[in-house]
$ cat run17.pdb   # PDB, C-alpha atoms
ATOM      1  CA  MET R  58     -15.126  -9.989  -0.484
ATOM      2  CA  SER R  59     -13.523  -8.792   2.748
ATOM      3  CA  THR R  60     -12.814  -5.186   3.708
ATOM      4  CA  ILE R  61      -9.777  -4.391   5.815
ATOM      5  CA  THR R  62      -9.120  -0.957   7.316
ATOM      6  CA  GLU R  63      -6.011  -0.090   9.328
ATOM      7  CA  SER R  64      -4.415   3.219  10.320
ATOM      8  CA  VAL R  65      -1.088   4.235  11.771
ATOM      9  CA  ASP R  66       0.218   7.609  12.943
ATOM     10  CA  VAL R  67       3.809   8.286  11.920
ATOM     11  CA  GLU R  68       6.059  10.981  13.349
ATOM     12  CA  VAL R  69       7.087  12.250   9.914
ATOM     13  CA  PRO R  70       5.767  15.215   7.867
ATOM     14  CA  ILE R  71       3.084  14.316   5.320
ATOM     15  CA  THR R  72       5.258  15.221   2.298
ATOM     16  CA  HIS R  73       7.923  12.698   3.264
ATOM     17  CA  VAL R  74       5.372   9.987   4.118
ATOM     18  CA  TYR R  75       3.548  10.407   0.813
ATOM     19  CA  ASN R  76       6.780  10.534  -1.184
ATOM     20  CA  GLN R  77       7.986   7.273   0.361
ATOM     21  CA  TRP R  78       4.651   5.525  -0.187
ATOM     22  CA  THR R  79       4.917   6.251  -3.927
ATOM     23  CA  GLN R  80       8.129   4.187  -4.041
ATOM     24  CA  PHE R  81       6.294   0.886  -4.590
ATOM     25  CA  GLU R  82       9.485  -1.076  -5.222
ATOM     26  CA  THR R  83      10.437  -0.590  -1.536
ATOM     27  CA  PHE R  84       7.239  -2.301  -0.282
ATOM     28  CA  PRO R  85       8.986  -5.675   0.215
ATOM     29  CA  GLU R  86      11.091  -3.983   2.914
ATOM     30  CA  PHE R  87       8.028  -3.583   5.165
ATOM     31  CA  MET R  88       5.189  -5.666   3.677
ATOM     32  CA  GLN R  89       5.144  -9.268   4.779
ATOM     33  CA  GLY R  90       4.611 -11.662   1.893
ATOM     34  CA  VAL R  91       5.459  -9.130  -0.820
ATOM     35  CA  GLU R  92       8.447 -10.534  -2.669
ATOM     36  CA  GLU R  93       8.739  -7.981  -5.478
ATOM     37  CA  ILE R  94       7.002  -5.018  -7.070
ATOM     38  CA  ARG R  95       8.003  -3.610 -10.421
ATOM     39  CA  GLN R  96       6.756  -0.201 -11.506
ATOM     40  CA  ILE R  97       5.867  -0.665 -15.176
ATOM     41  CA  ASP R  98       4.818   2.945 -15.835
ATOM     42  CA  ASP R  99       3.150   5.797 -13.920
ATOM     43  CA  THR R 100      -0.060   3.837 -13.297
ATOM     44  CA  HIS R 101       0.867   0.132 -13.584
ATOM     45  CA  THR R 102       2.697  -2.233 -11.245
ATOM     46  CA  HIS R 103       3.540  -5.942 -11.290
ATOM     47  CA  TRP R 104       3.489  -7.772  -7.935
ATOM     48  CA  VAL R 105       4.900 -11.087  -6.735
ATOM     49  CA  THR R 106       3.532 -12.240  -3.367
ATOM     50  CA  GLU R 107       3.863 -15.325  -1.219
ATOM     51  CA  ILE R 108       1.311 -16.258   1.434
ATOM     52  CA  ALA R 109       1.590 -19.537   3.328
ATOM     53  CA  GLY R 110       3.801 -21.027   0.636
ATOM     54  CA  VAL R 111       1.500 -19.972  -2.236
ATOM     55  CA  THR R 112       3.129 -17.625  -4.752
ATOM     56  CA  ARG R 113       0.926 -15.308  -6.791
ATOM     57  CA  GLU R 114       1.802 -12.798  -9.515
ATOM     58  CA  PHE R 115      -0.566 -10.091 -10.614
ATOM     59  CA  ASP R 116      -0.754  -6.667 -12.196
ATOM     60  CA  ALA R 117      -2.428  -3.639 -10.649
ATOM     61  CA  THR R 118      -3.496  -0.234 -11.939
ATOM     62  CA  ILE R 119      -3.313   2.971  -9.940
ATOM     63  CA  THR R 120      -6.805   4.355 -10.443
ATOM     64  CA  GLU R 121      -6.402   7.621  -8.553
ATOM     65  CA  GLN R 122      -3.465   9.463  -7.044
ATOM     66  CA  HIS R 123      -3.259  12.934  -5.531
ATOM     67  CA  PRO R 124      -0.099  14.131  -3.765
ATOM     68  CA  GLU R 125      -0.363  14.081   0.013
ATOM     69  CA  GLU R 126      -3.985  12.888  -0.168
ATOM     70  CA  ARG R 127      -4.489   9.408  -1.618
ATOM     71  CA  VAL R 128      -3.315   6.530  -3.764
ATOM     72  CA  ALA R 129      -5.990   4.099  -5.003
ATOM     73  CA  TRP R 130      -5.551   0.905  -7.021
ATOM     74  CA  LYS R 131      -7.287  -2.192  -8.337
ATOM     75  CA  SER R 132      -5.912  -5.502  -9.479
ATOM     76  CA  ASP R 133      -5.975  -6.278 -13.196
ATOM     77  CA  SER R 134      -5.214  -9.983 -12.894
ATOM     78  CA  GLY R 135      -4.739 -12.625 -10.213
ATOM     79  CA  PRO R 136      -6.398 -12.226  -6.806
ATOM     80  CA  GLU R 137      -9.189  -9.656  -6.975
ATOM     81  CA  HIS R 138      -8.561  -6.675  -4.737
ATOM     82  CA  ALA R 139      -8.747  -2.902  -4.659
ATOM     83  CA  GLY R 140      -7.928  -0.270  -2.123
ATOM     84  CA  VAL R 141      -6.940   3.220  -1.164
ATOM     85  CA  ILE R 142      -4.242   4.644   1.052
ATOM     86  CA  THR R 143      -5.048   8.067   2.483
ATOM     87  CA  PHE R 144      -2.708  10.547   4.134
ATOM     88  CA  HIS R 145      -3.898  13.000   6.798
ATOM     89  CA  ARG R 146      -1.731  15.776   8.237
ATOM     90  CA  LEU R 147      -2.231  15.774  12.017
ATOM     91  CA  ASP R 148       0.416  18.444  12.642
ATOM     92  CA  ASP R 149       3.691  19.586  11.062
ATOM     93  CA  ASN R 150       5.478  16.362  12.023
ATOM     94  CA  THR R 151       2.711  13.763  12.317
ATOM     95  CA  THR R 152       0.793  11.998   9.546
ATOM     96  CA  ARG R 153      -2.011   9.439   9.767
ATOM     97  CA  VAL R 154      -1.812   6.794   7.049
ATOM     98  CA  THR R 155      -4.987   4.758   6.524
ATOM     99  CA  ALA R 156      -5.251   1.653   4.357
ATOM    100  CA  GLN R 157      -8.663   0.448   3.213
ATOM    101  CA  MET R 158      -8.687  -2.660   1.049
ATOM    102  CA  ASP R 159     -11.322  -4.905  -0.455
ATOM    103  CA  ILE R 160      -9.919  -8.388  -0.981
ATOM    104  CA  ASP R 161     -11.548 -11.435  -2.537
ATOM    105  CA  PRO R 162      -9.360 -14.314  -1.341
ATOM    106  CA  GLU R 163      -8.461 -16.861  -3.995
ATOM    107  CA  GLY R 164      -8.045 -20.536  -3.121
ATOM    108  CA  PHE R 165      -8.254 -22.526   0.104
ATOM    109  CA  VAL R 166      -5.195 -21.025   1.843
ATOM    110  CA  GLU R 167      -6.224 -17.402   1.246
ATOM    111  CA  ASN R 168      -9.848 -18.088   2.261
ATOM    112  CA  ALA R 169      -8.706 -19.791   5.465
ATOM    113  CA  ALA R 170      -6.340 -16.906   6.238
ATOM    114  CA  ASP R 171      -9.193 -14.438   5.707
ATOM    115  CA  LYS R 172     -11.656 -16.332   7.904
ATOM    116  CA  LEU R 173      -9.076 -16.631  10.702
ATOM    117  CA  GLY R 174      -8.375 -12.887  10.600
ATOM    118  CA  LEU R 175      -4.828 -13.407   9.371
ATOM    119  CA  LEU R 176      -5.212 -10.951   6.475
ATOM    120  CA  ASN R 177      -6.294  -8.200   8.899
ATOM    121  CA  HIS R 178      -3.361  -9.070  11.138
ATOM    122  CA  ARG R 179      -0.956  -8.961   8.206
ATOM    123  CA  VAL R 180      -2.149  -5.508   7.061
ATOM    124  CA  LYS R 181      -1.907  -4.188  10.631
ATOM    125  CA  GLY R 182       1.655  -5.517  10.827
ATOM    126  CA  ASP R 183       2.525  -3.999   7.446
ATOM    127  CA  MET R 184       1.315  -0.590   8.613
ATOM    128  CA  GLU R 185       3.361  -0.846  11.825
ATOM    129  CA  ARG R 186       6.441  -1.896   9.815
ATOM    130  CA  PHE R 187       5.898   1.069   7.466
ATOM    131  CA  LYS R 188       5.808   3.373  10.509
ATOM    132  CA  LYS R 189       9.132   1.993  11.709
ATOM    133  CA  PHE R 190      10.561   2.039   8.155
ATOM    134  CA  ILE R 191       9.729   5.714   7.506
ATOM    135  CA  GLU R 192      10.516   6.995  11.008
ATOM    136  CA  GLN R 193      14.016   5.485  10.929
ATOM    137  CA  ARG R 194      14.945   7.130   7.608
ATOM    138  CA  SER R 195      16.494  10.562   7.411
ATOM    139  CA  GLN R 196      14.804  11.060   4.022
ATOM    140  CA  GLU R 197      12.539   9.233   1.615
ATOM    141  CA  THR R 198      14.064   6.986  -1.078
ATOM    142  CA  GLY R 199      12.342   8.919  -3.868
ATOM    143  CA  ALA R 200       9.050  10.488  -4.854
ATOM    144  CA  TRP R 201       6.462  10.581  -7.602
ATOM    145  CA  ARG R 202       4.290  13.659  -7.306
ATOM    146  CA  GLY R 203       2.142  13.147 -10.398
ATOM    147  CA  ASP R 204      -1.636  13.307 -10.270
ATOM    148  CA  VAL R 205      -3.915  10.536 -11.564
ATOM    149  CA  ALA R 206      -7.557  11.575 -11.924
ATOM    150  CA  ARG R 207     -10.312   9.157 -10.972
ATOM    151  CA  PRO R 208     -11.562   7.325 -14.102
ATOM    152  CA  ASP R 209     -15.056   8.810 -13.834
ATOM    153  CA  ALA R 210     -13.830  12.351 -13.075
TER     154      ALA R 210
END

$ encode --input "run17.pdb" --output "structure tokens"
Amino acid sequence: MSTITESVDVEVPITHVYNQWTQFETFPEFMQGVEEIRQIDDTHTHWVTEIAGVTREFDATITEQHPEERVAWKSDSGPEHAGVITFHRLDDNTTRVTAQMDIDPEGFVENAADKLGLLNHRVKGDMERFKKFIEQRSQETGAWRGDVARPDA
């Protein structure tokens, strides 16, 4: 299991950053290798990814979500991974977005990519592309402001 942590500061108020992050179906616009995400219901998503020519489909559950604070998830099927995205207000117009993910690569290609640091590089690039994506928009594409309590809460 590998842990990846990356942060990016975006010049956008926290409300807008959080609102955009909850629009999972837009992730393919800034996440390399993410082909499609379908929001099944408030806490379930279906992902289609492609890494080095290997296509994977899996489902994930949002395990915790608090507006302008965090979104956490874990995979239900396919490659084993879990993570949390946190949002920190730095000032009225600046937000720090931090991604922390635990990934258990599946198969030769994913294990090689992990050992070579390519997964870290990909997440760093995704965060930079999100920064560009959100800073170039005049408004977010939507929002989901619901609250999902931690399972053990």

$ atom_distance --input "run17.pdb" --atom1 "CA of Ile61 (chain R)" --atom2 "CA of Thr106 (chain R)"
18.0 Å

$ resolve_selection --input "run17.pdb" --expression "the PyMOL selection byres ((chain R and resi 69) around 8)" --output "MDAnalysis selection string"
chainID R and resid 67:68 70:71 73:74 150:152 191:192

$ atom_distance --input "run17.pdb" --atom1 "CA of Ala109 (chain R)" --atom2 "CA of Gln77 (chain R)"
27.7 Å

$ closest_residue --input "run17.pdb" --among "R:Glu107, R:Asp99, R:Glu137, R:Glu185" --to "Thr120 (chain R)" --atoms "only C-alpha atoms"
R:Asp99

$ residues_around --input "run17.pdb" --residues "Arg153 (chain R)" --least-positions-apart "5" --cutoff "9 Å" --atoms "all atoms listed in the file" --output "ChimeraX atom specification"
/R:64-68,71,143-147

$ residues_near_point --input "run17.pdb" --point "(-0.5, 12.0, -15.5)" --cutoff "9 Å" --atoms "all atoms listed in the file" --output "PyMOL selection string"
chain R and resi 99-100+203-206

$ residues_around --input "run17.pdb" --residues "Glu63 (chain R)" --least-positions-apart "3" --cutoff "6 Å" --atoms "only C-alpha atoms" --output "list in words"
Thr155, Ala156 and Lys181 of chain R

$ residues_around --input "run17.pdb" --residues "Ile160 (chain R)" --least-positions-apart "3" --cutoff "8 Å" --atoms "all atoms listed in the file" --output "list in words"
Met58, Ser59, Thr60, Ile61, Pro136, Glu137, His138 and Ala139 of chain R

$ resolve_selection --input "run17.pdb" --expression "the PyMOL selection byres ((chain R and resi 76) around 12)" --output "compact mmCIF listing (two decimals) with C-alpha atoms, in the coordinates of the input"
# COMPACT_ATOMS: atom_id res chain seq x y z
CA VAL R 69 7.09 12.25 9.91
CA PRO R 70 5.77 15.22 7.87
CA ILE R 71 3.08 14.32 5.32
CA THR R 72 5.26 15.22 2.30
CA HIS R 73 7.92 12.70 3.26
CA VAL R 74 5.37 9.99 4.12
CA TYR R 75 3.55 10.41 0.81
CA GLN R 77 7.99 7.27 0.36
CA TRP R 78 4.65 5.52 -0.19
CA THR R 79 4.92 6.25 -3.93
CA GLN R 80 8.13 4.19 -4.04
CA PHE R 81 6.29 0.89 -4.59
CA THR R 83 10.44 -0.59 -1.54
CA GLN R 122 -3.46 9.46 -7.04
CA HIS R 123 -3.26 12.93 -5.53
CA PRO R 124 -0.10 14.13 -3.76
CA GLU R 125 -0.36 14.08 0.01
CA GLU R 126 -3.98 12.89 -0.17
CA ARG R 127 -4.49 9.41 -1.62
CA VAL R 128 -3.32 6.53 -3.76
CA PHE R 144 -2.71 10.55 4.13
CA ILE R 191 9.73 5.71 7.51
CA GLN R 196 14.80 11.06 4.02
CA GLU R 197 12.54 9.23 1.62
CA THR R 198 14.06 6.99 -1.08
CA GLY R 199 12.34 8.92 -3.87
CA ALA R 200 9.05 10.49 -4.85
CA TRP R 201 6.46 10.58 -7.60
CA ARG R 202 4.29 13.66 -7.31
CA GLY R 203 2.14 13.15 -10.40

$ resolve_selection --input "run17.pdb" --expression "the PyMOL selection byres ((chain R and resi 91) around 10)" --output "JSON, numbers by chain"
{"R": [83, 84, 85, 86, 87, 88, 89, 90, 92, 93, 94, 104, 105, 106, 107, 108, 112, 113]}

$ axis_aligned_box --input "run17.pdb" --around "region 76-91 of chain R" --padding-each-side "5 Å" --output "AutoDock Vina command-line options"
--center_x 7.9 --center_y -0.6 --center_z 0.0 --size_x 16.5 --size_y 32.2 --size_z 20.4

$ residues_around --input "run17.pdb" --residues "Ser134 (chain R)" --least-positions-apart "6" --cutoff "10 Å" --atoms "all atoms listed in the file" --output "PDB file with C-alpha atoms, in the coordinates of the input"
ATOM      1  CA  HIS R 103       3.540  -5.942 -11.290  1.00  0.00           C
ATOM      2  CA  GLU R 114       1.802 -12.798  -9.515  1.00  0.00           C
ATOM      3  CA  PHE R 115      -0.566 -10.091 -10.614  1.00  0.00           C
ATOM      4  CA  ASP R 116      -0.754  -6.667 -12.196  1.00  0.00           C
ATOM      5  CA  ALA R 117      -2.428  -3.639 -10.649  1.00  0.00           C
ATOM      6  CA  THR R 118      -3.496  -0.234 -11.939  1.00  0.00           C
TER       7      THR R 118
END

$ atom_distance --input "run17.pdb" --atom1 "CA of Val154 (chain R)" --atom2 "CA of Phe187 (chain R)"
9.6 Å

$ closest_residue --input "run17.pdb" --among "R:Gln157, R:Thr102, R:Thr62, R:Gln193" --to "Val141 (chain R)" --atoms "all atoms listed in the file"
R:Gln157

$ closest_residue --input "run17.pdb" --among "R:Glu82, R:Asp161, R:Asp209, R:Asp149" --to "Glu121 (chain R)" --atoms "only C-alpha atoms"
R:Asp209

$ decode --input "run17.pdb" --residues "region 117-145 of chain R" --atoms "N, CA and C atoms" --output "PDB file, in the first residue's frame"
ATOM      1  N   ALA R 117     -16.933   3.252  -5.873  1.00  0.00           N
ATOM      2  CA  ALA R 117     -16.385   3.844  -4.655  1.00  0.00           C
ATOM      3  C   ALA R 117     -17.522   4.415  -3.826  1.00  0.00           C
ATOM      4  N   THR R 118     -17.313   4.424  -2.511  1.00  0.00           N
ATOM      5  CA  THR R 118     -18.285   4.982  -1.574  1.00  0.00           C
ATOM      6  C   THR R 118     -17.684   6.196  -0.895  1.00  0.00           C
ATOM      7  N   ILE R 119     -18.446   7.267  -0.835  1.00  0.00           N
ATOM      8  CA  ILE R 119     -18.047   8.441  -0.062  1.00  0.00           C
ATOM      9  C   ILE R 119     -18.335   8.096   1.392  1.00  0.00           C
ATOM     10  N   THR R 120     -17.293   8.053   2.200  1.00  0.00           N
ATOM     11  CA  THR R 120     -17.419   7.612   3.582  1.00  0.00           C
ATOM     12  C   THR R 120     -17.587   8.766   4.562  1.00  0.00           C
ATOM     13  N   GLU R 121     -17.243   9.966   4.119  1.00  0.00           N
ATOM     14  CA  GLU R 121     -17.392  11.142   4.974  1.00  0.00           C
ATOM     15  C   GLU R 121     -17.363  12.373   4.079  1.00  0.00           C
ATOM     16  N   GLN R 122     -18.235  13.326   4.361  1.00  0.00           N
ATOM     17  CA  GLN R 122     -18.249  14.548   3.573  1.00  0.00           C
ATOM     18  C   GLN R 122     -18.833  15.666   4.419  1.00  0.00           C
ATOM     19  N   HIS R 123     -18.081  16.751   4.534  1.00  0.00           N
ATOM     20  CA  HIS R 123     -18.515  17.915   5.297  1.00  0.00           C
ATOM     21  C   HIS R 123     -18.201  19.153   4.467  1.00  0.00           C
ATOM     22  N   PRO R 124     -19.218  19.953   4.152  1.00  0.00           N
ATOM     23  CA  PRO R 124     -19.010  21.122   3.294  1.00  0.00           C
ATOM     24  C   PRO R 124     -17.844  21.993   3.754  1.00  0.00           C
ATOM     25  N   GLU R 125     -17.016  22.309   2.775  1.00  0.00           N
ATOM     26  CA  GLU R 125     -15.855  23.186   2.933  1.00  0.00           C
ATOM     27  C   GLU R 125     -14.805  22.640   3.888  1.00  0.00           C
ATOM     28  N   GLU R 126     -14.881  21.333   4.203  1.00  0.00           N
ATOM     29  CA  GLU R 126     -13.887  20.713   5.074  1.00  0.00           C
ATOM     30  C   GLU R 126     -13.224  19.505   4.428  1.00  0.00           C
ATOM     31  N   ARG R 127     -14.038  18.502   4.041  1.00  0.00           N
ATOM     32  CA  ARG R 127     -13.432  17.250   3.569  1.00  0.00           C
ATOM     33  C   ARG R 127     -14.411  16.401   2.777  1.00  0.00           C
ATOM     34  N   VAL R 128     -13.813  15.566   1.920  1.00  0.00           N
ATOM     35  CA  VAL R 128     -14.532  14.509   1.214  1.00  0.00           C
ATOM     36  C   VAL R 128     -13.626  13.280   1.292  1.00  0.00           C
ATOM     37  N   ALA R 129     -14.128  12.195   1.887  1.00  0.00           N
ATOM     38  CA  ALA R 129     -13.343  10.967   2.014  1.00  0.00           C
ATOM     39  C   ALA R 129     -14.061   9.844   1.280  1.00  0.00           C
ATOM     40  N   TRP R 130     -13.300   8.883   0.780  1.00  0.00           N
ATOM     41  CA  TRP R 130     -13.883   7.770   0.025  1.00  0.00           C
ATOM     42  C   TRP R 130     -13.049   6.509   0.204  1.00  0.00           C
ATOM     43  N   LYS R 131     -13.639   5.401  -0.208  1.00  0.00           N
ATOM     44  CA  LYS R 131     -12.916   4.124  -0.303  1.00  0.00           C
ATOM     45  C   LYS R 131     -13.497   3.361  -1.480  1.00  0.00           C
ATOM     46  N   SER R 132     -12.657   2.564  -2.096  1.00  0.00           N
ATOM     47  CA  SER R 132     -13.133   1.759  -3.220  1.00  0.00           C
ATOM     48  C   SER R 132     -13.932   0.580  -2.683  1.00  0.00           C
ATOM     49  N   ASP R 133     -14.942   0.177  -3.458  1.00  0.00           N
ATOM     50  CA  ASP R 133     -15.763  -0.979  -3.110  1.00  0.00           C
ATOM     51  C   ASP R 133     -15.368  -2.203  -3.922  1.00  0.00           C
ATOM     52  N   SER R 134     -14.780  -1.959  -5.073  1.00  0.00           N
ATOM     53  CA  SER R 134     -14.393  -3.032  -5.992  1.00  0.00           C
ATOM     54  C   SER R 134     -13.192  -2.555  -6.794  1.00  0.00           C
ATOM     55  N   GLY R 135     -12.558  -3.460  -7.503  1.00  0.00           N
ATOM     56  CA  GLY R 135     -11.417  -3.083  -8.345  1.00  0.00           C
ATOM     57  C   GLY R 135     -10.202  -2.744  -7.510  1.00  0.00           C
ATOM     58  N   PRO R 136      -9.326  -1.868  -8.030  1.00  0.00           N
ATOM     59  CA  PRO R 136      -8.106  -1.521  -7.290  1.00  0.00           C
ATOM     60  C   PRO R 136      -8.442  -0.969  -5.903  1.00  0.00           C
ATOM     61  N   GLU R 137      -7.733  -1.465  -4.886  1.00  0.00           N
ATOM     62  CA  GLU R 137      -8.000  -1.037  -3.524  1.00  0.00           C
ATOM     63  C   GLU R 137      -7.377   0.328  -3.267  1.00  0.00           C
ATOM     64  N   HIS R 138      -8.195   1.284  -2.885  1.00  0.00           N
ATOM     65  CA  HIS R 138      -7.683   2.596  -2.530  1.00  0.00           C
ATOM     66  C   HIS R 138      -8.700   3.326  -1.666  1.00  0.00           C
ATOM     67  N   ALA R 139      -8.202   4.316  -0.957  1.00  0.00           N
ATOM     68  CA  ALA R 139      -9.037   5.164  -0.113  1.00  0.00           C
ATOM     69  C   ALA R 139      -8.328   6.501  -0.006  1.00  0.00           C
ATOM     70  N   GLY R 140      -9.078   7.518   0.354  1.00  0.00           N
ATOM     71  CA  GLY R 140      -8.430   8.813   0.477  1.00  0.00           C
ATOM     72  C   GLY R 140      -9.343   9.862   1.049  1.00  0.00           C
ATOM     73  N   VAL R 141      -8.767  11.051   1.182  1.00  0.00           N
ATOM     74  CA  VAL R 141      -9.500  12.203   1.679  1.00  0.00           C
ATOM     75  C   VAL R 141      -8.956  13.450   0.983  1.00  0.00           C
ATOM     76  N   ILE R 142      -9.865  14.322   0.630  1.00  0.00           N
ATOM     77  CA  ILE R 142      -9.518  15.633   0.112  1.00  0.00           C
ATOM     78  C   ILE R 142      -9.949  16.628   1.179  1.00  0.00           C
ATOM     79  N   THR R 143      -9.023  17.487   1.616  1.00  0.00           N
ATOM     80  CA  THR R 143      -9.373  18.487   2.611  1.00  0.00           C
ATOM     81  C   THR R 143      -9.242  19.877   2.004  1.00  0.00           C
ATOM     82  N   PHE R 144     -10.035  20.791   2.535  1.00  0.00           N
ATOM     83  CA  PHE R 144     -10.100  22.161   2.044  1.00  0.00           C
ATOM     84  C   PHE R 144      -9.786  23.086   3.214  1.00  0.00           C
ATOM     85  N   HIS R 145      -8.828  23.992   3.015  1.00  0.00           N
ATOM     86  CA  HIS R 145      -8.410  24.905   4.081  1.00  0.00           C
ATOM     87  C   HIS R 145      -8.468  26.334   3.555  1.00  0.00           C
TER      88      HIS R 145
END
